[in-house]
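As structure tokens, the structure follows; a few thoughts come after it.
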There are 2 protein chains.
Amino acid sequence: MTGFELDSRLAADTHLVARWGLSEVLLMDDARFPWLILVPRVPGVTEWFDLGEGERGTLLNETLLLGKAVQAFFNAEKINTAALGNVVSQLHVHVVARYSSDHAWPAPVWGSGTAEPYDTGSLTSTIDRLRLELPQL
Amino acid sequence: MTGFELDSRLAADTHLVARWGLSEVLLMDDARFPWLILVPRVPGVTEWFDLGEGERGTLLNETLLLGKAVQAFFNAEKINTAALGNVVSQLHVHVVARYSSDHAWPAPVWGSGTAEPYDTGSLTSTIDRLRLELPQL
């Protein structure tokens, strides 16, 4: 796609894990929650329903595949999936592994306290393992 | 579908607006936010990716149609779409109209303060108008 540029706040808060057919797969730099984000490489789109018809379905497929992979990978009790965009308007979909023992449960992760960045070792090992185990799309 | 029963907490917190092809369309009884919920009439499902393949796409279509309708109907600045399920595990999708002037902005609506139920008049008029203006699916 031409003209796509990742929002600067998303770029600052995340690390690139993979490039899928439609979306960038990003890891949120917050060690409190296993938290991934999909950003479709379509410029200027804010709402999911503003995507083209094919892209809508592709984004769903990527979202559900990521959810299922994240559930297995992190042994999650629940997957939270959301397209919010109140802070960053560029369309992006959160896929978060949740546990009844986590910092925010049962509240949502957004706006819950302050992010705790990964240390270098655990960031590298998490990204390396995700790259090995996520499906290639 | 056989065996579907709406979760008792969802039933207590919402009002039925419409029955679409796959999902019940519910209005959350919280006058602070225009807030609708889709519940696919499929028993025993917690995660979107646990639906059958056809149902997954149908739920997306219903979610996006509802989002677009809610955006227009309530003149929303942003639509928040989410499948969380930390409190109620029965699969349900939130579609919430958001405004930079609303009670929770830019934080999410879940867990934000206490619901303010509609008064009888505004509840009836909101549901009547939604029934007239939402698409029939």
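By order in the structure tokens, chains are A, B, ...; within a chain, residues start at 1; ligands start at 1, following the order shown.
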Can I get the residues of chain B within 6 Å of chain A, each with the closest pair of atoms and their distance in Å to one decimal, using only C-alpha atoms, sorted chain first then ascending number, as CSV?
residue,atom,partner,partner_atom,distance
B:Phe49,CA,A:Leu64,CA,5.4
B:Leu64,CA,A:Phe49,CA,5.4
B:Asn80,CA,A:Leu84,CA,4.4
B:Thr81,CA,A:Ala83,CA,5.2
B:Ala82,CA,A:Ala82,CA,4.0
B:Ala83,CA,A:Thr81,CA,5.2
B:Leu84,CA,A:Asn80,CA,4.4
B:Asn86,CA,A:Pro106,CA,5.3
B:Pro106,CA,A:Asn86,CA,5.3
B:Ala107,CA,A:Gly111,CA,5.9
B:Gly111,CA,A:Ala107,CA,5.9
Would you please give, as a ChimeraX atom specification, all residues of stretch 35-126 of chain A that DSSP assigns to strand (DSSP E) based on the backbone?
/A:35-40,78-83,93-98
Restricting the output to N, CA and C atoms, write the selected residues as a compact mmCIF listing (two decimals), in the first residue's frame.
# COMPACT_ATOMS: atom_id res chain seq x y z
N TRP A 35 0.33 -8.26 25.06
CA TRP A 35 -0.56 -7.29 24.41
C TRP A 35 -0.03 -7.04 23.01
N LEU A 36 -0.77 -7.51 22.03
CA LEU A 36 -0.38 -7.28 20.64
C LEU A 36 -1.37 -6.36 19.95
N ILE A 37 -0.91 -5.74 18.88
CA ILE A 37 -1.72 -4.78 18.14
C ILE A 37 -1.55 -5.03 16.65
N LEU A 38 -2.66 -5.07 15.95
CA LEU A 38 -2.65 -5.14 14.49
C LEU A 38 -2.95 -3.77 13.91
N VAL A 39 -2.15 -3.36 12.95
CA VAL A 39 -2.42 -2.09 12.25
C VAL A 39 -2.46 -2.36 10.76
N PRO A 40 -3.65 -2.33 10.16
CA PRO A 40 -3.71 -2.54 8.71
C PRO A 40 -2.96 -1.43 7.98
N LYS A 78 -8.45 -15.44 28.93
CA LYS A 78 -9.43 -14.73 28.11
C LYS A 78 -8.67 -13.84 27.15
N ILE A 79 -9.20 -13.71 25.95
CA ILE A 79 -8.63 -12.76 25.00
C ILE A 79 -9.53 -11.53 24.96
N ASN A 80 -8.93 -10.35 25.08
CA ASN A 80 -9.67 -9.10 24.88
C ASN A 80 -9.31 -8.55 23.51
N THR A 81 -10.33 -8.29 22.72
CA THR A 81 -10.13 -7.78 21.37
C THR A 81 -10.87 -6.46 21.25
N ALA A 82 -10.20 -5.42 20.77
CA ALA A 82 -10.87 -4.13 20.71
C ALA A 82 -10.26 -3.20 19.68
N ALA A 83 -11.13 -2.46 19.01
CA ALA A 83 -10.73 -1.33 18.17
C ALA A 83 -11.34 -0.09 18.83
N VAL A 93 -6.12 -2.67 16.07
CA VAL A 93 -6.91 -3.63 16.84
C VAL A 93 -6.02 -4.21 17.93
N HIS A 94 -6.50 -4.10 19.17
CA HIS A 94 -5.79 -4.66 20.31
C HIS A 94 -6.17 -6.13 20.48
N VAL A 95 -5.20 -6.96 20.76
CA VAL A 95 -5.42 -8.37 21.11
C VAL A 95 -4.61 -8.62 22.37
N VAL A 96 -5.30 -8.78 23.50
CA VAL A 96 -4.61 -8.81 24.79
C VAL A 96 -4.94 -10.11 25.51
N ALA A 97 -3.91 -10.77 26.00
CA ALA A 97 -4.09 -11.98 26.82
C ALA A 97 -4.38 -11.54 28.26
N ARG A 98 -5.48 -12.04 28.80
CA ARG A 98 -5.88 -11.64 30.15
C ARG A 98 -5.94 -12.84 31.10
Would you mind telling me which residue in B:Gly54, B:Pro117, B:Pro43, B:Pro34 lies nearest to B:Gln71 when using only C-alpha atoms?
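Comparing B:Gly54, B:Pro117, B:Pro43, B:Pro34 against B:Gln71, the winner is B:Pro34.
You will find atom CA of B:Phe4 at 27.6 Å from atom CA of B:Phe33.
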Among stretch 68-97 of chain B, which ones does DSSP place in alpha helix (DSSP H), written as a PyMOL selection string?
chain B and resi 68-73
Pick from A:Leu10, A:Leu16, A:Leu26, A:Ala31 nearest to A:Asp119, counting only C-alpha atoms:
A:Ala31
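Atom CA of B:Gln90 to atom CA of A:Asn75 spans 19.5 Å [interatomic distance, one decimal].
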Would you mind listing what lies within 10 Å of B:Val42 as JSON, numbers by chain, with only C-alpha atoms counted and same-chain residues fewer than 2 positions away left out?
{"B": [1, 2, 3, 4, 5, 6, 22, 23, 39, 40, 44, 45, 46, 51, 52, 55, 90, 91]}
Go through A:Ala115, A:Ala69, A:Arg9, A:Ser125 one by one, measure the shortest atom-to-atom distance of each to A:Asp30 using only C-alpha atoms, and give the residue with the smallest value.
A:Ala115
